[in-house]
Amino acid sequence: MSTFELSAQPREQTMMRETEAVAAVAAGAAGTFAIEATDVNIFYGQFRAVKDVSLQIQKNKITALIGPSGCGKSTMLRAFNRMNDLVSTARIAGEVLFHGRNLYAREVDPVEVRRKIGMVFQKPNPFPKSIYENVLWGAKINGFKGKADDLVEQSLRQAALWDEVKDKLKQSGLSLSGGQQQRLCIARTIATRPEIILMDEPCSALDPIATLKIEDLMRELVEKYTIIIVTHNMQQAARVSDYTAFFNMEQDRAGYLVEYDDTKKIFTNPKDQRTEDYVTGRFG
Amino acid sequence: MQTTLKTTAAPIDLPQLDLHKRRRPHEIIIQAFLFACGIISIFVTLGIVFVLFQESLRFFGSGEVNLIEFLTGTTWQPAIGEFGILPLFLSTIITSLIGMLVALPLGLAVAIYLSEYASPRARGILKPILEVLAGIPTVVYGYFALTFMTPLLRSLFGADTVQIYNMASGGIVIGILIIPLIASMSEDALSAVPRSLREGAYGLGATKLETSLKIVVPAALSGISAAVIVGISRAVGETMVVALSVGAGPKLTFNPFESAETMTGHIVRISGGDLSYDSIDYNSIFSIALFLFVITFLLNLISRFVVQRFREVYD
Amino acid sequence: MKHTSIFVTLLMIVAIIASACAPAAQPTTVPQPTQAPAKVEPTKASEQPTAAPALADPTKAPEPTAEPAMEMLGGLPMVDAGAVTGDIVTAGSSTVYPLSEAMAARFQDEGYTGNITIDSIGSGAGLERFCKTGETDIANASRAIKSSEVESCRAIDREPVEFRVGTDALAVVVNPENTWLDEGVTLEELAKIFSADAKTWAEVNPAWPAEPILRFSPGTDSGTFDYFIEAVMTPAYNKDAKLGEEALLKAENLQLSEDDNVLVQGVEGDKNAIGYFGYAYFQENADKLKALKINGVAPSGSAVDAGTYPLARPLFIYSDPKIMAEKPQVADFINFYLTFVNEEIDAVGYFPASTSVLNGAKMALLIALGQ
Ligand SMILES: Nc1ncnc2c1ncn2[C@@H]1O[C@H](COP(=O)(O)OP(=O)(O)OP(=O)(O)O)[C@@H](O)[C@H]1O
Ligand SMILES: [Mg+2]
């Protein structure tokens with residue numbers, strides 16, 4: 001730790017420049033970014049939870065955010081669809097560009113943002129309604145006018161849940177197992193046809209088999225959607241994601257981005273010593 | 001010998017593990033005290049029920065009235081031996097219904113505002129106001145009905161339509177009276193809905209209103225129903241407001257702008273007046289009280305049932 | 001601390017006096033603190049002087065209290081209110097209530113320091129408390145005691161003594177907007193108006209509006225109700241009180257309340273309303289209500305005196321010689337009541353009993369005390 005403190009400033013600077021370079025290269029290959037954070041700082045009251053983060057997310061890729069607990073991963077993730085607005089003390093500085101527009105511009109409606117950028121949470125949180133209604137609800141409030149049955153089936157199929165629930169669509173969403181509930185939550189997010197799906201530790205409440213199912217599902221979904229996932233599970237990040245961003249914090253507990261690169265590189269050949277320590281489990 | 005000595009000595013040297021029951025006198029005393037408190041409240045309730053039944057039995061045993069007449073008769077005028085509870089019952093129903101029509105939407109709106117919308121500051125102002133409202137003696141509400149609500153209704157609908165004593169005014173004020181009750185119970189229920197549900201809704205692009213009305217309120221339905229039923233019990237049992245503003249003569253009418261008399265209103269008028277203790281009139285008010293008791297008891301049962309049922313569905 | 005020491009001293013005084021002159025202090029003499037001064041808590045005593053003047057007639061200048069010397073006045077020994085102690089419990093007619101209250105206020109004004117309770121519960125209940133449960137020292141009644149009630153009294157060893165204190169005229173009142181009864185009503189019409197035989201005014205008299213009659217009556221156990229049945233309903237129903245009462249109680253839109261204010265508000269609030277109650281309540285609300293002429297005679301002092309107003313009735317208080325002997329404060333209060341009632345009664349809104357009647361009451365008191 002003491003070495004970090006001594007050398008934190010210069011190393012962080014170099015890291016930033018490198019990260020930007022990598023991202024820029026990737027962007028050049030894929031066209032534009034799905035969403036792009038520039039110099040984001042997020043505060044809870046006086047406390048800075050996220051410090052100077054710039055991050056470009058690739059389209060139709062899975063990007064994993066990893067880092068020690070409390071370093072601001074969830075905060076950063078929620079900044080992508082303005083969920084932090086729901087916390088009265090939260091404040092953000094910097095830009096988050098989506099389709100070339102700053103999500104935090106004055107005229108942007110957070111409700112519209114969330115319709116385009118959906119979210120799946122750590123703990124499965126299906127509504128206390130039937131499975132059918134759970135899937136349909138988000139779509140309906142988004143003005144969905146098509147055939148409800150088709151949408152429900154399609155979304156549940158995409159969420160790899162259809163076969164398990166097709167005979168009990170009228171049952172409460174709460175009657176499902178944890179893994180099924182989480183897939184139901186994914187299904188209802190898909191049903192609103194977002195562009196980006198944010199997932200905050202979606203598997204932390206699930207057993208390994210259910211986790212693998214969700215991971216497979218993510219690999220399938222990424223054909224159509226851009227996915228950003230927060231995870232504490234190194235293997236999961238390695239298995240499932242295309243890119244990985246490693247966050248860390250110092251004693252001020254303000255999270256910053258250490259390294260952002262191809263997942264393979266992060267896990268096999270990280271540039272930063274701190275990343276290596278973290279991914280190999282030697283951290284702290 | 002030495003070896004045997006050693007082996008027997010060993011367990012003695014070990015600190016003995018004592019699993020004997022230990023006496024803890026203060027625990028016993030406190031337990032007994034709490035038990036006594038529970039028992040007392042049970043006995044008080046039983047005592048009340050006993051008295052109600054006893055006096056009612058005397059009433060029905062008098063031969064002047066039988067249960068069928070009591071339940072189906074359309075006139076209540078003890079002085080001439082008419083004991084049909086329908087006019088009193090109907091008036092109770094009408095005033096309570098009006099009360100609930102006022103209290104439910106307003107109370108729920110307040111609850112939703114407090115739990116979903118209000119800033120901590122607004123909540124800090126509103127909640128004490130509600131508590132004050134809840135603490136105002138019901139007599140005051142009674143005079144409020146008589147001197148404010150009735151004139152208001154009469155100016156709106158005409159003094160020819162709205163009688164000076166009328167059920168509408170009392171009902172509305174009962175509604176106002178139970179708003180704090182409904183609001184605070186519903187707010188508890190709404191606040192108990194996990195934050196994750198709200199986030200789930202917001203994450204799908206729901207507005208605050210959609211989240212509140214379509215997710216949070218349905219999720220809190222069991223608690224809200226309980227609040228409603230407690231509110232109805234309160235409305236049915238409310239006495240001072242109806243005694244002061246609804247009227248002093250039982251009347252079988254569906255018109256809320258006419259005067260009538262509720263069960264509680266009649267009891268308080270008759271018992272507040274002069275009545276010989278062993279007259280049938282006197283016993284008759286116990287039969288009304290018993291009837292009231294049965295109603296509120298049933299409402300309580302229903303509320304328990306509702307809470308239990310919805311809990312199954314939603315957890 | 002101070003209070004406790006006062007209390008202890010009082011207790012000691014009580015104990016001494018009680019042991020000194022325990023058996024029956026002569027009630028006709030200036031009353032001595034025989035019992036119960038311990039009940040007069042210091043706080044209460046200090047409250048009364050402030051509370052009492054509010055009740056007293058504000059139009060009268062506070063007259064100098066009579067000297068505590070014993071003096072014969074109107075045949076009765078003069079009472080020194082300041083020397084009277086001990087509580088007095090009364091209950092009964094809501095009609096007599098304001099009069100008794102005025103007398104009690106004056107009694108306290110003039111120095112009485114005990115507690116006097118006056119419950120307004122109706123003549124019937126008042127007599128019941130007096131005769132059956134024996135809870136009260138005095139019963140207020142707006143009708144003469146019934147023989148059955150006298151019997152109950154005797155059953156608990158009480159002999160009711162009647163004191164006439166005034167006359168009440170019953171006012172039949174309508175809303176000021178009522179124009180069709182400006183000429184008044186006859187007793188027969190009044191009976192029909194208050195009976196189940198008429199739903200609308202037009203059913204009593206075709207010239208009147210076809211609007212429902214909204215009736216406001218004192219409660220069934222009040223003396224006023226009894227009196228109305230006796231004086232108005234019974235004559236119209238073959239002199240059968242039962243039939244008359246039934247006819248009234250079966251009427252639609254009938255509100256019965258012991259609380260005369262409920263009646264006043266009810267009649268004040270509705271054009272089609274009619275009600276009746278003691279004349280005092282009408283006088284208090286003369287600006288809001290109209291009193292009807294009955295058989296062509298409007299209620300007034302002269303009409304009552306002349307005996308032409310048909311709905312006038314006597315007001316009584318009842319007590320018992322034994323109570324008066326045991327609780328001299330009761331005798332003193334009645335004495336005071338009879339002595340000064342005619343100075344207060346106008347303000348309360350009733351009509352003074354004639355001198356001869358009042359003298360009869362005073363005689364009754366003297367006889368009772370002489371026992
Ligand atoms: N609503 C809030 N109000 C105040 N501070 C908060 C709030 N939410 C999070 N924080 C603080 O912000 C910092 C970052 O929190 P965040 O939840 O983003 O961490 P995280 O990286 O997701 O941690 P974990 O891996 O444990 O989920 C923490 O110090 C946390 O205490
Ligand atoms: Mg987190």
# chains A, B, ... in the order shown; residues from 1 in each chain; ligands from 1
call {"tool": "residues_around", "arguments": {"residues": "Glu238 in chain B", "least_positions_apart": "4", "cutoff": "10 Å", "atoms": "only C-alpha atoms", "output": "PyMOL selection string"}}
result
chain B and resi 92+95-96+138+170-171+174+177-178+232-234+242-243+262-265
call {"tool": "write_last_selection", "arguments": {"atoms": "N, CA, C and O atoms", "output": "PDB file, in the first residue's frame"}}
result
ATOM      1  N   THR B  92     -75.456   4.126  10.221  1.00  0.00           N
ATOM      2  CA  THR B  92     -74.044   3.841  10.494  1.00  0.00           C
ATOM      3  C   THR B  92     -73.310   3.490   9.203  1.00  0.00           C
ATOM      4  O   THR B  92     -72.215   3.986   8.937  1.00  0.00           O
ATOM      5  N   THR B  95     -72.962   6.741   6.961  1.00  0.00           N
ATOM      6  CA  THR B  95     -71.935   7.684   7.416  1.00  0.00           C
ATOM      7  C   THR B  95     -70.536   7.082   7.272  1.00  0.00           C
ATOM      8  O   THR B  95     -69.606   7.772   6.846  1.00  0.00           O
ATOM      9  N   SER B  96     -70.406   5.792   7.577  1.00  0.00           N
ATOM     10  CA  SER B  96     -69.080   5.181   7.464  1.00  0.00           C
ATOM     11  C   SER B  96     -68.629   5.136   6.013  1.00  0.00           C
ATOM     12  O   SER B  96     -67.460   5.374   5.703  1.00  0.00           O
ATOM     13  N   THR B 138     -62.527  14.297  19.376  1.00  0.00           N
ATOM     14  CA  THR B 138     -63.542  14.134  18.341  1.00  0.00           C
ATOM     15  C   THR B 138     -64.708  15.105  18.521  1.00  0.00           C
ATOM     16  O   THR B 138     -65.408  15.393  17.571  1.00  0.00           O
ATOM     17  N   GLY B 170     -71.651  14.639   8.731  1.00  0.00           N
ATOM     18  CA  GLY B 170     -70.973  13.792   9.713  1.00  0.00           C
ATOM     19  C   GLY B 170     -70.030  12.813   9.041  1.00  0.00           C
ATOM     20  O   GLY B 170     -68.909  12.600   9.494  1.00  0.00           O
ATOM     21  N   GLY B 171     -70.499  12.214   7.930  1.00  0.00           N
ATOM     22  CA  GLY B 171     -69.673  11.238   7.230  1.00  0.00           C
ATOM     23  C   GLY B 171     -68.382  11.850   6.717  1.00  0.00           C
ATOM     24  O   GLY B 171     -67.299  11.284   6.883  1.00  0.00           O
ATOM     25  N   ILE B 174     -66.104  12.492   9.578  1.00  0.00           N
ATOM     26  CA  ILE B 174     -65.510  11.219  10.023  1.00  0.00           C
ATOM     27  C   ILE B 174     -64.354  10.874   9.093  1.00  0.00           C
ATOM     28  O   ILE B 174     -63.286  10.439   9.532  1.00  0.00           O
ATOM     29  N   LEU B 177     -61.488  12.840   9.915  1.00  0.00           N
ATOM     30  CA  LEU B 177     -60.977  12.351  11.195  1.00  0.00           C
ATOM     31  C   LEU B 177     -60.083  11.122  11.040  1.00  0.00           C
ATOM     32  O   LEU B 177     -59.108  10.959  11.767  1.00  0.00           O
ATOM     33  N   ILE B 178     -60.434  10.249  10.080  1.00  0.00           N
ATOM     34  CA  ILE B 178     -59.629   9.025   9.984  1.00  0.00           C
ATOM     35  C   ILE B 178     -58.560   9.100   8.897  1.00  0.00           C
ATOM     36  O   ILE B 178     -57.833   8.141   8.705  1.00  0.00           O
ATOM     37  N   ILE B 232     -62.464   1.550   8.660  1.00  0.00           N
ATOM     38  CA  ILE B 232     -63.915   1.313   8.686  1.00  0.00           C
ATOM     39  C   ILE B 232     -64.371   1.072  10.127  1.00  0.00           C
ATOM     40  O   ILE B 232     -65.375   1.632  10.574  1.00  0.00           O
ATOM     41  N   SER B 233     -63.615   0.258  10.842  1.00  0.00           N
ATOM     42  CA  SER B 233     -63.988   0.020  12.240  1.00  0.00           C
ATOM     43  C   SER B 233     -64.081   1.327  12.996  1.00  0.00           C
ATOM     44  O   SER B 233     -64.984   1.558  13.798  1.00  0.00           O
ATOM     45  N   ARG B 234     -63.104   2.171  12.743  1.00  0.00           N
ATOM     46  CA  ARG B 234     -63.077   3.454  13.426  1.00  0.00           C
ATOM     47  C   ARG B 234     -64.293   4.284  13.034  1.00  0.00           C
ATOM     48  O   ARG B 234     -64.931   4.911  13.878  1.00  0.00           O
ATOM     49  N   VAL B 242     -70.979  11.989  15.025  1.00  0.00           N
ATOM     50  CA  VAL B 242     -72.343  11.702  14.600  1.00  0.00           C
ATOM     51  C   VAL B 242     -73.347  12.174  15.637  1.00  0.00           C
ATOM     52  O   VAL B 242     -74.426  12.652  15.298  1.00  0.00           O
ATOM     53  N   ALA B 243     -72.961  12.080  16.902  1.00  0.00           N
ATOM     54  CA  ALA B 243     -73.893  12.518  17.937  1.00  0.00           C
ATOM     55  C   ALA B 243     -74.199  14.003  17.778  1.00  0.00           C
ATOM     56  O   ALA B 243     -75.313  14.450  18.009  1.00  0.00           O
ATOM     57  N   THR B 262     -77.083   7.211  14.052  1.00  0.00           N
ATOM     58  CA  THR B 262     -76.306   5.977  13.963  1.00  0.00           C
ATOM     59  C   THR B 262     -76.421   5.204  15.264  1.00  0.00           C
ATOM     60  O   THR B 262     -76.938   5.714  16.256  1.00  0.00           O
ATOM     61  N   MET B 263     -75.901   4.000  15.239  1.00  0.00           N
ATOM     62  CA  MET B 263     -75.945   3.171  16.444  1.00  0.00           C
ATOM     63  C   MET B 263     -75.226   3.861  17.601  1.00  0.00           C
ATOM     64  O   MET B 263     -75.748   3.964  18.712  1.00  0.00           O
ATOM     65  N   THR B 264     -74.010   4.338  17.308  1.00  0.00           N
ATOM     66  CA  THR B 264     -73.255   4.983  18.381  1.00  0.00           C
ATOM     67  C   THR B 264     -73.941   6.259  18.832  1.00  0.00           C
ATOM     68  O   THR B 264     -74.015   6.545  20.023  1.00  0.00           O
ATOM     69  N   GLY B 265     -74.434   7.017  17.877  1.00  0.00           N
ATOM     70  CA  GLY B 265     -75.100   8.266  18.214  1.00  0.00           C
ATOM     71  C   GLY B 265     -76.290   8.014  19.123  1.00  0.00           C
ATOM     72  O   GLY B 265     -76.517   8.742  20.097  1.00  0.00           O
TER      73      GLY B 265
END
call {"tool": "residues_near_ligand", "arguments": {"ligand": "ligand 2", "cutoff": "10 Å", "atoms": "only C-alpha atoms and all ligand atoms", "output": "list in words"}}
result
Ile66, Gly67, Pro68, Ser69, Gly70, Cys71, Gly72, Lys73, Ser74, Thr75, Met76, Leu77, Arg78, Phe121, Gln122, Asp200, Glu201, Val230, Thr231 and His232 of chain A
call {"tool": "write_last_selection", "arguments": {"atoms": "N, CA and C atoms", "output": "PDB file, in the first residue's frame"}}
result
ATOM      1  N   ILE A  66     -14.499  -4.276 -12.555  1.00  0.00           N
ATOM      2  CA  ILE A  66     -14.078  -5.015 -11.369  1.00  0.00           C
ATOM      3  C   ILE A  66     -13.299  -4.088 -10.455  1.00  0.00           C
ATOM      4  N   GLY A  67     -13.139  -4.543  -9.226  1.00  0.00           N
ATOM      5  CA  GLY A  67     -12.394  -3.753  -8.260  1.00  0.00           C
ATOM      6  C   GLY A  67     -12.852  -4.066  -6.859  1.00  0.00           C
ATOM      7  N   PRO A  68     -12.093  -3.618  -5.883  1.00  0.00           N
ATOM      8  CA  PRO A  68     -12.433  -3.936  -4.491  1.00  0.00           C
ATOM      9  C   PRO A  68     -13.773  -3.309  -4.077  1.00  0.00           C
ATOM     10  N   SER A  69     -14.312  -3.873  -3.050  1.00  0.00           N
ATOM     11  CA  SER A  69     -15.614  -3.406  -2.576  1.00  0.00           C
ATOM     12  C   SER A  69     -15.552  -1.948  -2.134  1.00  0.00           C
ATOM     13  N   GLY A  70     -16.529  -1.193  -2.542  1.00  0.00           N
ATOM     14  CA  GLY A  70     -16.620   0.205  -2.126  1.00  0.00           C
ATOM     15  C   GLY A  70     -15.853   1.151  -3.015  1.00  0.00           C
ATOM     16  N   CYS A  71     -15.300   0.642  -4.134  1.00  0.00           N
ATOM     17  CA  CYS A  71     -14.495   1.528  -4.952  1.00  0.00           C
ATOM     18  C   CYS A  71     -15.325   2.277  -5.981  1.00  0.00           C
ATOM     19  N   GLY A  72     -16.617   2.125  -5.941  1.00  0.00           N
ATOM     20  CA  GLY A  72     -17.457   2.961  -6.780  1.00  0.00           C
ATOM     21  C   GLY A  72     -17.922   2.322  -8.067  1.00  0.00           C
ATOM     22  N   LYS A  73     -17.840   0.990  -8.174  1.00  0.00           N
ATOM     23  CA  LYS A  73     -18.277   0.327  -9.409  1.00  0.00           C
ATOM     24  C   LYS A  73     -19.766   0.515  -9.628  1.00  0.00           C
ATOM     25  N   SER A  74     -20.545   0.229  -8.590  1.00  0.00           N
ATOM     26  CA  SER A  74     -21.992   0.366  -8.734  1.00  0.00           C
ATOM     27  C   SER A  74     -22.345   1.811  -9.024  1.00  0.00           C
ATOM     28  N   THR A  75     -21.694   2.702  -8.323  1.00  0.00           N
ATOM     29  CA  THR A  75     -21.960   4.121  -8.519  1.00  0.00           C
ATOM     30  C   THR A  75     -21.700   4.508  -9.967  1.00  0.00           C
ATOM     31  N   MET A  76     -20.589   4.020 -10.478  1.00  0.00           N
ATOM     32  CA  MET A  76     -20.238   4.327 -11.873  1.00  0.00           C
ATOM     33  C   MET A  76     -21.266   3.721 -12.815  1.00  0.00           C
ATOM     34  N   LEU A  77     -21.629   2.457 -12.539  1.00  0.00           N
ATOM     35  CA  LEU A  77     -22.582   1.781 -13.412  1.00  0.00           C
ATOM     36  C   LEU A  77     -23.911   2.531 -13.445  1.00  0.00           C
ATOM     37  N   ARG A  78     -24.351   2.950 -12.263  1.00  0.00           N
ATOM     38  CA  ARG A  78     -25.631   3.627 -12.177  1.00  0.00           C
ATOM     39  C   ARG A  78     -25.588   5.013 -12.808  1.00  0.00           C
ATOM     40  N   PHE A 121     -30.394  -5.975 -11.381  1.00  0.00           N
ATOM     41  CA  PHE A 121     -29.781  -5.691 -10.090  1.00  0.00           C
ATOM     42  C   PHE A 121     -29.162  -6.932  -9.464  1.00  0.00           C
ATOM     43  N   GLN A 122     -28.420  -6.646  -8.408  1.00  0.00           N
ATOM     44  CA  GLN A 122     -27.721  -7.713  -7.711  1.00  0.00           C
ATOM     45  C   GLN A 122     -28.689  -8.754  -7.164  1.00  0.00           C
ATOM     46  N   ASP A 200     -25.611  -5.217 -12.295  1.00  0.00           N
ATOM     47  CA  ASP A 200     -24.798  -5.007 -11.095  1.00  0.00           C
ATOM     48  C   ASP A 200     -24.749  -6.306 -10.303  1.00  0.00           C
ATOM     49  N   GLU A 201     -23.634  -7.003 -10.422  1.00  0.00           N
ATOM     50  CA  GLU A 201     -23.454  -8.298  -9.757  1.00  0.00           C
ATOM     51  C   GLU A 201     -24.683  -9.176  -9.917  1.00  0.00           C
ATOM     52  N   VAL A 230     -21.053  -5.413 -13.501  1.00  0.00           N
ATOM     53  CA  VAL A 230     -20.174  -5.283 -12.352  1.00  0.00           C
ATOM     54  C   VAL A 230     -20.074  -6.658 -11.730  1.00  0.00           C
ATOM     55  N   THR A 231     -18.870  -7.107 -11.454  1.00  0.00           N
ATOM     56  CA  THR A 231     -18.766  -8.427 -10.820  1.00  0.00           C
ATOM     57  C   THR A 231     -17.567  -8.479  -9.886  1.00  0.00           C
ATOM     58  N   HIS A 232     -17.709  -9.285  -8.864  1.00  0.00           N
ATOM     59  CA  HIS A 232     -16.605  -9.553  -7.946  1.00  0.00           C
ATOM     60  C   HIS A 232     -15.929 -10.869  -8.286  1.00  0.00           C
TER      61      HIS A 232
END
call {"tool": "atom_distance", "arguments": {"atom1": "CA of Phe144 in chain B", "atom2": "CA of Glu187 in chain B"}}
result
26.5 Å
call {"tool": "closest_residue", "arguments": {"among": "C:Gly184, C:Gly111, C:Pro98, C:Pro218", "to": "chain B", "atoms": "only C-alpha atoms"}}
result
C:Pro218
call {"tool": "closest_residue", "arguments": {"among": "B:Ala248, B:Val44, B:Cys37, B:Leu190", "to": "chain C", "atoms": "only C-alpha atoms"}}
result
B:Ala248
call {"tool": "interface_residues", "arguments": {"of": "chain B", "to": "chain C", "cutoff": "12 Å", "atoms": "only C-alpha atoms", "output": "NGL selection string"}}
result
:B and (74-82 or 143 or 146-147 or 150-151 or 154 or 158-166 or 243-253 or 258-261 or 265-266 or 268-279 or 281)
